[in-house]
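File shown: final_20.csv. Contents: CSV, C-alpha atoms.
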```
chain,number,residue,atom,x,y,z
A,1,MET,CA,121.0,82.1,144.7
A,2,ARG,CA,121.0,80.6,141.2
A,3,VAL,CA,124.3,79.8,139.6
A,4,PRO,CA,124.1,79.6,135.8
A,5,THR,CA,125.2,76.1,134.7
A,6,LEU,CA,123.4,75.7,131.3
A,7,ALA,CA,125.0,78.8,129.8
A,8,PRO,CA,128.6,77.8,130.4
A,9,ALA,CA,127.8,74.2,129.3
A,10,TYR,CA,126.3,75.4,126.0
A,11,VAL,CA,129.0,78.0,125.2
A,12,GLY,CA,131.7,75.5,126.1
A,13,GLY,CA,130.0,72.7,124.1
A,14,VAL,CA,129.7,74.9,121.0
A,15,GLN,CA,133.4,75.8,121.3
A,16,LEU,CA,134.4,72.2,121.9
A,17,ILE,CA,132.5,71.1,118.8
A,18,ALA,CA,134.1,73.9,116.7
A,19,TYR,CA,137.7,73.0,117.9
A,20,ALA,CA,137.1,69.3,117.5
A,21,SER,CA,135.7,69.5,114.0
A,22,ARG,CA,138.5,71.8,113.0
A,23,ARG,CA,141.2,69.4,114.4
A,24,LEU,CA,139.7,66.0,113.7
A,25,LEU,CA,137.9,66.4,110.4
A,26,GLY,CA,139.4,67.3,107.0
A,27,GLU,CA,138.2,70.6,105.5
A,28,ARG,CA,135.9,68.9,103.1
A,29,ALA,CA,134.3,66.7,105.8
A,30,ARG,CA,134.0,69.7,108.1
A,31,GLN,CA,132.3,71.7,105.3
A,32,ASP,CA,129.9,68.8,104.6
A,33,LEU,CA,129.0,68.7,108.3
A,34,LEU,CA,128.3,72.4,108.5
A,35,ARG,CA,126.3,72.3,105.3
A,36,SER,CA,124.2,69.3,106.5
A,37,CYS,CA,123.4,71.2,109.7
A,38,SER,CA,122.7,74.6,108.0
A,39,THR,CA,119.2,76.2,108.0
A,40,ASN,CA,119.6,77.4,104.4
A,41,VAL,CA,116.6,77.5,102.0
A,42,ASP,CA,117.7,74.3,100.2
A,43,ASN,CA,117.8,72.2,103.5
A,44,LEU,CA,114.5,73.6,104.9
A,45,GLU,CA,112.8,73.2,101.5
A,46,ALA,CA,113.9,69.6,101.4
A,47,GLY,CA,112.2,69.0,104.8
A,48,ARG,CA,115.5,68.9,106.9
A,49,TYR,CA,113.9,70.5,109.9
A,50,GLY,CA,116.4,68.9,112.3
A,51,THR,CA,118.7,71.7,111.1
A,52,LEU,CA,116.6,74.1,113.2
A,53,ALA,CA,118.3,72.5,116.3
A,54,THR,CA,121.7,71.4,114.9
A,55,SER,CA,122.5,74.8,113.4
A,56,ALA,CA,122.5,76.3,116.9
A,57,LEU,CA,125.2,73.8,118.0
A,58,LEU,CA,127.7,74.7,115.3
A,59,VAL,CA,129.7,77.7,114.3
A,60,GLU,CA,131.8,78.1,111.2
A,61,GLU,CA,134.9,78.8,113.2
A,62,PRO,CA,135.6,78.7,117.0
A,63,MET,CA,134.1,81.8,118.5
A,64,GLU,CA,136.5,84.6,119.2
A,65,LEU,CA,136.9,85.3,122.9
A,66,PRO,CA,135.0,88.6,123.1
A,67,TYR,CA,132.0,87.1,121.3
A,68,ALA,CA,132.1,83.9,123.4
A,69,LEU,CA,132.2,86.0,126.6
A,70,LEU,CA,129.3,88.1,125.4
A,71,LEU,CA,127.3,85.0,124.6
A,72,LEU,CA,128.2,83.5,128.0
A,73,ALA,CA,127.3,86.8,129.8
A,74,VAL,CA,123.9,87.2,128.1
A,75,LEU,CA,122.8,83.6,128.5
A,76,GLY,CA,124.2,83.5,132.1
A,77,CYS,CA,122.3,86.6,133.1
A,78,ALA,CA,119.1,85.3,131.5
A,79,GLU,CA,119.6,82.0,133.4
A,80,TYR,CA,120.3,83.9,136.6
A,81,ALA,CA,117.3,86.3,136.3
A,82,HIS,CA,114.7,83.8,135.0
A,83,GLY,CA,116.0,80.3,135.3
A,84,ALA,CA,117.7,77.8,132.9
A,85,TRP,CA,114.5,76.6,131.2
A,86,TRP,CA,113.3,80.2,130.5
A,87,ALA,CA,116.8,81.2,129.1
A,88,ALA,CA,116.9,78.0,126.9
A,89,GLY,CA,113.3,78.5,125.7
A,90,VAL,CA,113.9,82.1,124.7
A,91,PHE,CA,117.1,81.2,123.0
A,92,LEU,CA,115.5,78.5,121.0
A,93,PHE,CA,112.4,80.6,120.3
A,94,GLY,CA,114.5,83.3,118.9
A,95,HIS,CA,116.8,81.0,116.9
A,96,VAL,CA,114.0,78.9,115.4
A,97,GLY,CA,111.5,81.8,115.0
A,98,ALA,CA,113.9,84.1,113.3
A,99,THR,CA,115.2,81.3,111.1
A,100,LEU,CA,111.7,80.4,109.9
A,101,LEU,CA,110.7,84.0,109.3
A,102,VAL,CA,113.9,84.7,107.3
A,103,TYR,CA,113.3,81.5,105.4
A,104,GLY,CA,109.8,82.6,104.5
A,105,GLY,CA,111.1,85.9,103.4
A,106,LEU,CA,113.8,84.4,101.3
A,107,ARG,CA,111.4,81.9,99.6
A,108,ALA,CA,109.0,84.7,98.8
A,109,GLY,CA,111.8,86.8,97.2
A,110,ARG,CA,113.2,84.0,95.0
A,111,PRO,CA,116.8,84.0,96.3
A,112,SER,CA,119.9,83.3,94.1
A,113,PRO,CA,121.4,79.8,94.1
A,114,ALA,CA,124.2,81.1,96.3
A,115,THR,CA,121.8,82.4,98.9
A,116,ARG,CA,119.6,79.3,98.8
A,117,SER,CA,122.6,77.1,99.7
A,118,ALA,CA,124.4,79.6,102.0
A,119,LEU,CA,126.0,78.3,105.1
A,120,ASP,CA,123.7,79.3,107.9
A,121,VAL,CA,124.8,78.0,111.3
A,122,GLY,CA,125.6,79.8,114.6
A,123,THR,CA,124.4,81.2,117.9
A,124,SER,CA,123.6,84.8,116.9
A,125,TYR,CA,119.9,84.6,116.4
A,126,GLY,CA,119.5,83.0,119.9
A,127,LEU,CA,121.8,85.6,121.3
A,128,TYR,CA,119.9,88.6,119.9
A,129,ALA,CA,116.5,87.1,121.1
A,130,THR,CA,117.9,86.5,124.6
A,131,LEU,CA,119.4,89.9,124.8
A,132,GLY,CA,116.1,91.5,123.8
A,133,ALA,CA,114.1,89.4,126.3
A,134,LEU,CA,116.6,90.1,129.1
A,135,THR,CA,115.6,93.8,129.0
A,136,SER,CA,112.6,92.8,131.1
A,137,ALA,CA,115.1,92.3,134.0
A,138,LEU,CA,115.9,96.1,133.9
A,139,PRO,CA,113.9,98.4,136.1
A,140,PRO,CA,110.8,99.9,134.5
A,141,GLY,CA,111.2,103.4,133.2
A,142,PRO,CA,113.8,105.3,131.1
A,143,LEU,CA,116.6,102.7,131.5
A,144,ARG,CA,114.5,99.8,130.2
A,145,ALA,CA,113.0,101.9,127.3
A,146,GLY,CA,116.4,103.4,126.4
A,147,ALA,CA,118.0,99.9,126.3
A,148,ARG,CA,115.3,98.6,124.0
A,149,ILE,CA,115.6,101.6,121.7
A,150,ALA,CA,119.4,101.3,121.6
A,151,LEU,CA,119.3,97.6,120.8
A,152,LEU,CA,116.7,98.2,118.0
A,153,ALA,CA,118.9,101.0,116.6
A,154,LEU,CA,122.0,98.8,116.7
A,155,ALA,CA,120.2,95.9,115.0
A,156,ALA,CA,118.6,98.1,112.4
A,157,LYS,CA,121.9,99.8,111.3
A,158,PRO,CA,123.2,96.9,109.2
A,159,LEU,CA,119.8,96.8,107.4
A,160,LEU,CA,120.4,100.4,106.1
A,161,ARG,CA,123.6,99.4,104.2
A,162,PRO,CA,123.4,98.5,100.5
A,163,GLU,CA,125.2,95.2,101.1
A,164,ARG,CA,122.9,93.9,103.8
A,165,THR,CA,122.4,90.2,104.1
A,166,PHE,CA,119.7,87.8,105.2
A,167,THR,CA,121.6,87.3,108.4
A,168,ASP,CA,121.3,91.1,109.2
A,169,ALA,CA,117.5,90.7,108.8
A,170,GLY,CA,117.6,87.6,111.0
A,171,HIS,CA,119.4,89.5,113.8
A,172,PHE,CA,116.8,92.2,113.7
A,173,THR,CA,114.0,89.7,113.6
A,174,ALA,CA,115.4,87.7,116.5
A,175,LEU,CA,115.8,90.9,118.6
A,176,GLY,CA,112.2,91.7,117.8
A,177,LEU,CA,111.1,88.3,119.0
A,178,GLY,CA,113.1,88.7,122.2
A,179,LEU,CA,111.6,92.2,122.8
A,180,GLY,CA,108.2,90.6,122.3
A,181,VAL,CA,109.0,88.1,125.1
A,182,ALA,CA,110.2,91.0,127.3
A,183,THR,CA,106.9,92.8,126.7
A,184,ALA,CA,105.0,89.7,127.7
A,185,VAL,CA,107.1,89.4,130.9
A,186,ASP,CA,106.5,93.1,131.7
A,187,TYR,CA,102.8,92.7,131.2
A,188,ARG,CA,102.7,89.6,133.4
A,189,SER,CA,104.7,91.4,136.1
A,190,ASP,CA,102.4,94.4,136.0
A,191,ARG,CA,99.3,92.2,136.4
A,192,ASN,CA,100.8,90.4,139.4
A,193,ARG,CA,101.4,93.7,141.3
```
Now that the file is in, can you turn its structure into structure tokens?
Amino acid sequence: MRVPTLAPAYVGGVQLIAYASRRLLGERARQDLLRSCSTNVDNLEAGRYGTLATSALLVEEPMELPYALLLLAVLGCAEYAHGAWWAAGVFLFGHVGATLLVYGGLRAGRPSPATRSALDVGTSYGLYATLGALTSALPPGPLRAGARIALLALAAKPLLRPERTFTDAGHFTALGLGLGVATAVDYRSDRNR
């Protein structure tokens, strides 16, 4: 039986960094740290591609307990179902893939200076991708299809608001990438039967 270890270490590490930076750094130094690790247009355009990794390790504020537990549950279930490397790979694929796709869309749309330098750190793109990919662990049939449709509907809802943000588009994109992984897993499972 697999016991998830990477998921609790990651969630705990992100929380620890958030609490430590809040407690040990002044507000200006903390903001400078967050901005230097942000995957905003300005940083990526300047070639700061290391932010693709560092942005997944930082959150603006310590995660609230319900969100932290959801993140832990989704990553832990993915690790249990498919292994730690698979879960980490899907998380990073979703985080980096959605970030780069949103970045491309923003550059094409000539964003405002505020959007170009927006603070963009966190775990949500990886969470959405992992959640989408995890649907492959559901039994084939109506439950799996229904879960995928429900997740797409929930992720699409913020895009229908007039005040939508690039983060809303990123969540939808990350979920789509995760569902793509799930479809590949389904296909592979069907071929091995």
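Taking CA of Phe91 (chain A) as the reference point, CA of Ala114 (chain A) is found at 27.6 Å.
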For region 86-131 of chain A versus region 169-174 of chain A, which residues have an atom no more than 7 Å away, and what is each residue's nearest atom pair and distance in Å rounded to one decimal, using all atoms listed in the file, chain-then-number order, as a tab-separated table?
```
residue	atom	partner	partner_atom	distance
A:Gly94	CA	A:Ala174	CA	5.1
A:His95	CA	A:Ala174	CA	6.9
A:Ala98	CA	A:Ala174	CA	5.0
A:Thr99	CA	A:Gly170	CA	6.7
A:Val102	CA	A:Gly170	CA	6.0
A:Tyr125	CA	A:Ala174	CA	5.5
A:Tyr128	CA	A:Ala174	CA	5.7
A:Ala129	CA	A:Ala174	CA	4.8
```
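Using all atoms listed in the file, the residues found no farther than 8 Å from Val96 (chain A), other than those of its own chain fewer than 3 positions away, are Leu52, Ala53, Leu92, Phe93, Thr99 and Leu100 of chain A.
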Compile a residue-level contact table for region 50-150 of chain A against region 26-42 of chain A at a cut-off of 7 Å, reporting for every qualifying residue the shortest atom pair and its distance in Å to one decimal, with all atoms listed in the file counted, rows ordered by chain and ascending number, as CSV.
```
residue,atom,partner,partner_atom,distance
A:Thr51,CA,A:Cys37,CA,4.9
A:Leu52,CA,A:Thr39,CA,6.2
A:Thr54,CA,A:Cys37,CA,5.5
A:Ser55,CA,A:Cys37,CA,5.2
A:Tyr103,CA,A:Val41,CA,6.2
A:Arg116,CA,A:Val41,CA,4.7
A:Ser117,CA,A:Asn40,CA,5.6
A:Ala118,CA,A:Asn40,CA,5.8
A:Leu119,CA,A:Ser38,CA,5.7
A:Asp120,CA,A:Ser38,CA,4.8
A:Val121,CA,A:Ser38,CA,5.2
```
Residues from last step as file, C-alpha atoms, as a CSV table (one decimal), in the coordinates of the input:
```csv
chain,number,residue,atom,x,y,z
A,51,THR,CA,118.7,71.7,111.1
A,52,LEU,CA,116.6,74.1,113.2
A,54,THR,CA,121.7,71.4,114.9
A,55,SER,CA,122.5,74.8,113.4
A,103,TYR,CA,113.3,81.5,105.4
A,116,ARG,CA,119.6,79.3,98.8
A,117,SER,CA,122.6,77.1,99.7
A,118,ALA,CA,124.4,79.6,102.0
A,119,LEU,CA,126.0,78.3,105.1
A,120,ASP,CA,123.7,79.3,107.9
A,121,VAL,CA,124.8,78.0,111.3
```
query: Distance CA of Leu179 (chain A)-CA of Leu151 (chain A), one decimal place?
result: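 Atom-to-atom, CA of Leu179 (chain A) to CA of Leu151 (chain A), that is 9.6 Å.
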Using only C-alpha atoms, pick whichever of A:Pro162, A:Pro140, A:Gly105, A:Gly89 has the shortest atom-to-atom distance to Leu127 (chain A).
->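 Going through A:Pro162, A:Pro140, A:Gly105, A:Gly89 one by one, the smallest distance to Leu127 (chain A) is for A:Gly89.
Residue nearest Phe166 (chain A) within the list A:Pro4, A:Thr115, A:Val14, A:Ile149: A:Thr115 [criterion: smallest interatomic distance, all atoms listed in the file].
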- [ ] Measure the distance from CA of Ala46 (chain A) to CA of Arg110 (chain A) in Å and round it to one decimal.
- [x]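 According to the coordinates, CA of Ala46 (chain A) and CA of Arg110 (chain A) are separated by 15.8 Å.
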One residue among A:Leu75, A:Ala20, A:Ala184, A:Met63 is nearest to Ala88 (chain A) when using all atoms listed in the file, and that residue is A:Leu75
Query - Using only C-alpha atoms: which of A:Leu24, A:Leu44, A:Leu6, A:Val59 has the shortest distance to Ala84 (chain A) - result: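 Closest to Ala84 (chain A), using only C-alpha atoms: A:Leu6.
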